Amino acid sequence: MQILVTVKEVGQLGDEVVIDDGDVAESALEYDLNEWDEYALESAVQLSETLDDVEVVTATIGPERSEETIRMALAKGADRAVRIWDDAIANDDGDGLLDTRTRVELLSAVVEREEPDLVLTGVQSADATFGSTGVALAEAIDTAWAAVVNDLEIDADAGTASVHRELEGGIEELTDVELPAVLTIQTGINEPRYASLRGIRQAQSKPLDVLDLAELGVPADAIAGSLVTTAMYEPESSSDAELWEGDAEATAGQLADFLRDSGVIEG
C-alpha cells in the first residue's frame with residue numbers, strides 16, 4: 001500500500017512586516033511545514049506503523065529552498081519525497097503564487113506517476129487558506145474523497161477508509177470511503193511527532209526526487225495560473241494602542257488621566 005501526502009512550505013511572518021518590491025521580504029519570513037500537512041503526515045506515518053507493507057511518499061511544489069522543509073517530513077517518518085519545480089513555474093507570475101488549478105495539475109501528474117492507494121492532504125495551508133486543493137485533486141483524478149477528516153481507520157483487506165468528520169451545527173459523520181481516495185486531514189486528529197536526531201540524520205539519505213514539467217509530462221501552458229499579486233502593503237491601523245509602563249499605582253493614574261482627557265470620566 002502506498003500513501004501519498006502532499007505537503008507545502010509556508011512562510012511565517014515575524015513581529016515586523018517588511019515589504020520589498022511589492023512582496024514580503026524574504027528576511028521577514030521563516031519557512032516551515034504547513035501545520036495542517038503535519039497532521040496529514042502523522043496520520044500516514046501512524047498507518048505505516050500499524051499496517052503491513054506501507055510506503056509513505058511526500059510530494060511538494062517548491063524551489064530548492066523547500067527541500068529543507070520536505071527533509072523534515074522525511075525525518076518524521078516518510079520513506080521518500082518528490083519535489084516539483086521548473087523554471088516555467090518560477091516565472092509563471094514572478095513570485096511563485098500558484099492557484100488551485102495549477103497545483104492540482106502538477107499534483108495530478110504525481111498521482112498518475114505514483115498510483116497511490118490513498119492521498120492525504122491538510123485541510124488548508126496557513127498562507128493561502130483556500131482549503132480547496134485536496135478536494136479539487138480528487139475531482140481531477142476522478143476518485144473518492146472526504147474532507148475535514150478528524151479520525152481515520154484503514155481496512156486494507158476491504159479496501160476502505162473509515163473516516164470521522166465534524167460538520168457544521170455539531171453534526172458528526174462516520175462513513176466509509178472506498179480506496180483509492182483523497183482525504184483532507186483536520187488538525188487535532190493526532191499529535192504530530194517531533195523529528196528525532198536519528199530521524200534527521202536518516203532523512204539526509206532518503207530518496208528525494210526533483211521533477212520538472214517534462215518529467216511529469218505536463219506542458220508549460222497547462223500551468224498558466226490566474227493569480228497575480230497586484231499590490232502588497234501594510235493595512236492602515238484604525239486606532240492606536242497606548243502602553244504605560246510602571247507599577248500598578250503609576251499606570252492606574254496614567255489610565256485615569258487618559259480616560260479623563262478622553263471625556264470618558266469626569267473629575
# chains A, B, ... in the order shown; residues from 1 in each chain; ligands from 1

$ closest_atom_pairs --of "range 152-257 of chain A" --to "range 9-27 of chain A" --cutoff "10 Å" --atoms "only C-alpha atoms" --output "CSV"
residue,atom,partner,partner_atom,distance
A:Thr229,CA,A:Gly22,CA,8.0
A:Thr230,CA,A:Gly22,CA,8.0
A:Ala231,CA,A:Gly22,CA,5.9
A:Met232,CA,A:Gly22,CA,5.3
A:Tyr233,CA,A:Ile19,CA,6.8
A:Glu234,CA,A:Val17,CA,7.4

$ residues_around --residues "Asn190 in chain A" --least-positions-apart "5" --cutoff "9 Å" --atoms "only C-alpha atoms" --output "compact mmCIF listing (two decimals) with all heavy atoms, in the first residue's frame"
# COMPACT_ATOMS: atom_id res chain seq x y z
N TYR A 39 -0.35 17.19 10.33
CA TYR A 39 -1.32 16.20 10.82
C TYR A 39 -1.57 15.11 9.78
O TYR A 39 -1.74 13.94 10.11
CB TYR A 39 -2.63 16.89 11.20
CG TYR A 39 -2.52 17.71 12.47
CD1 TYR A 39 -2.11 19.04 12.43
CD2 TYR A 39 -2.80 17.15 13.71
CE1 TYR A 39 -2.00 19.80 13.59
CE2 TYR A 39 -2.70 17.89 14.87
CZ TYR A 39 -2.29 19.22 14.80
OH TYR A 39 -2.17 19.95 15.96
N GLU A 42 1.48 12.84 9.88
CA GLU A 42 1.47 11.99 11.06
C GLU A 42 0.47 10.84 10.89
O GLU A 42 0.75 9.70 11.27
CB GLU A 42 1.13 12.81 12.30
CG GLU A 42 1.04 12.01 13.59
CD GLU A 42 2.38 11.38 13.99
OE1 GLU A 42 3.42 11.94 13.64
OE2 GLU A 42 2.35 10.32 14.64
N SER A 43 -0.69 11.13 10.30
CA SER A 43 -1.68 10.06 10.06
C SER A 43 -1.10 8.98 9.16
O SER A 43 -1.29 7.78 9.40
CB SER A 43 -2.94 10.65 9.40
OG SER A 43 -3.62 11.51 10.28
N ASN A 150 -11.24 14.00 10.91
CA ASN A 150 -10.56 14.10 12.20
C ASN A 150 -10.41 12.76 12.91
O ASN A 150 -10.02 12.72 14.07
CB ASN A 150 -11.25 15.12 13.12
CG ASN A 150 -12.68 14.74 13.41
OD1 ASN A 150 -13.12 13.64 13.07
ND2 ASN A 150 -13.42 15.64 14.02
N ASP A 151 -10.71 11.69 12.22
CA ASP A 151 -10.40 10.35 12.72
C ASP A 151 -10.37 9.42 11.51
O ASP A 151 -11.17 9.59 10.58
CB ASP A 151 -11.44 9.87 13.73
CG ASP A 151 -10.92 8.68 14.54
OD1 ASP A 151 -9.70 8.40 14.47
OD2 ASP A 151 -11.73 8.03 15.21

$ closest_residue --among "A:Val264, A:Val5, A:Leu243, A:Leu97" --to "Pro116 in chain A" --atoms "only C-alpha atoms"
A:Val5

$ closest_residue --among "A:Leu174, A:Ala158, A:Val182, A:Ala248" --to "Trp145 in chain A" --atoms "only C-alpha atoms"
A:Val182

$ select_by_dssp --residues "range 144-174 of chain A" --states "strand (DSSP E or B)" --output "PyMOL selection string"
chain A and resi 144-155+160-166+172-174

$ write_last_selection --atoms "C-alpha atoms" --output "PDB file, in the first residue's frame"
ATOM      1  CA  ALA A 144     -13.485   9.217  -3.924  1.00  0.00           C
ATOM      2  CA  TRP A 145     -12.806  11.857  -1.277  1.00  0.00           C
ATOM      3  CA  ALA A 146     -13.714  13.077   2.188  1.00  0.00           C
ATOM      4  CA  ALA A 147     -12.876  16.480   3.622  1.00  0.00           C
ATOM      5  CA  VAL A 148     -12.147  17.710   7.153  1.00  0.00           C
ATOM      6  CA  VAL A 149     -11.360  14.246   8.486  1.00  0.00           C
ATOM      7  CA  ASN A 150     -10.559  14.105  12.202  1.00  0.00           C
ATOM      8  CA  ASP A 151     -10.399  10.353  12.718  1.00  0.00           C
ATOM      9  CA  LEU A 152      -9.256   7.652  10.331  1.00  0.00           C
ATOM     10  CA  GLU A 153      -9.001   3.878  10.188  1.00  0.00           C
ATOM     11  CA  ILE A 154      -7.991   1.782   7.201  1.00  0.00           C
ATOM     12  CA  ASP A 155      -9.280  -1.710   6.388  1.00  0.00           C
ATOM     13  CA  THR A 160     -11.916   1.080   2.618  1.00  0.00           C
ATOM     14  CA  ALA A 161     -11.161   4.030   4.860  1.00  0.00           C
ATOM     15  CA  SER A 162     -13.481   4.635   7.802  1.00  0.00           C
ATOM     16  CA  VAL A 163     -13.472   8.376   8.401  1.00  0.00           C
ATOM     17  CA  HIS A 164     -14.995  10.619  11.019  1.00  0.00           C
ATOM     18  CA  ARG A 165     -15.864  14.216  10.278  1.00  0.00           C
ATOM     19  CA  GLU A 166     -17.229  17.067  12.384  1.00  0.00           C
ATOM     20  CA  GLU A 172     -20.717  14.224  13.376  1.00  0.00           C
ATOM     21  CA  GLU A 173     -20.440  11.934  10.389  1.00  0.00           C
ATOM     22  CA  LEU A 174     -18.935   8.443  10.264  1.00  0.00           C
TER      23      LEU A 174
END

$ residues_around --residues "range 119-136 of chain A" --least-positions-apart "2" --cutoff "8 Å" --atoms "only C-alpha atoms" --output "PyMOL selection string"
chain A and resi 3-8+10-11+34-41+44+100-101+103-104+116-117+138-140+145-148+180-186

$ atom_distance --atom1 "CA of Met1 in chain A" --atom2 "CA of Pro63 in chain A"
28.9 Å

$ closest_residue --among "A:Ala88, A:Ala59, A:Ile200, A:Leu213" --to "Glu114 in chain A" --atoms "only C-alpha atoms"
A:Ala59

$ select_by_dssp --residues "range 40-95 of chain A" --states "alpha helix (DSSP H)" --output "ChimeraX atom specification"
/A:40-50,67-75,87-90

$ write_last_selection --atoms "C-alpha atoms" --output "PDB file, in the first residue's frame"
ATOM      1  CA  ALA A  40      -1.779  14.516   7.428  1.00  0.00           C
ATOM      2  CA  LEU A  41       1.825  13.303   7.511  1.00  0.00           C
ATOM      3  CA  GLU A  42       1.469  11.989  11.061  1.00  0.00           C
ATOM      4  CA  SER A  43      -1.682  10.061  10.055  1.00  0.00           C
ATOM      5  CA  ALA A  44       0.199   8.440   7.188  1.00  0.00           C
ATOM      6  CA  VAL A  45       3.194   7.511   9.350  1.00  0.00           C
ATOM      7  CA  GLN A  46       0.938   6.042  12.043  1.00  0.00           C
ATOM      8  CA  LEU A  47      -0.810   3.919   9.407  1.00  0.00           C
ATOM      9  CA  SER A  48       2.576   2.699   8.176  1.00  0.00           C
ATOM     10  CA  GLU A  49       3.404   1.666  11.741  1.00  0.00           C
ATOM     11  CA  THR A  50       0.195  -0.327  12.217  1.00  0.00           C
ATOM     12  CA  GLU A  67      13.995  20.844   0.367  1.00  0.00           C
ATOM     13  CA  GLU A  68      14.833  21.718   3.968  1.00  0.00           C
ATOM     14  CA  THR A  69      11.133  21.558   4.767  1.00  0.00           C
ATOM     15  CA  ILE A  70      10.451  18.327   2.932  1.00  0.00           C
ATOM     16  CA  ARG A  71      13.517  16.754   4.552  1.00  0.00           C
ATOM     17  CA  MET A  72      11.743  17.435   7.840  1.00  0.00           C
ATOM     18  CA  ALA A  73       8.819  15.354   6.557  1.00  0.00           C
ATOM     19  CA  LEU A  74      11.301  12.563   5.828  1.00  0.00           C
ATOM     20  CA  ALA A  75      12.767  12.946   9.312  1.00  0.00           C
ATOM     21  CA  ASP A  87      11.693  27.465 -14.425  1.00  0.00           C
ATOM     22  CA  ALA A  88       8.250  27.763 -16.037  1.00  0.00           C
ATOM     23  CA  ILE A  89       6.659  27.540 -12.578  1.00  0.00           C
ATOM     24  CA  ALA A  90       9.046  30.087 -11.112  1.00  0.00           C
TER      25      ALA A  90
END
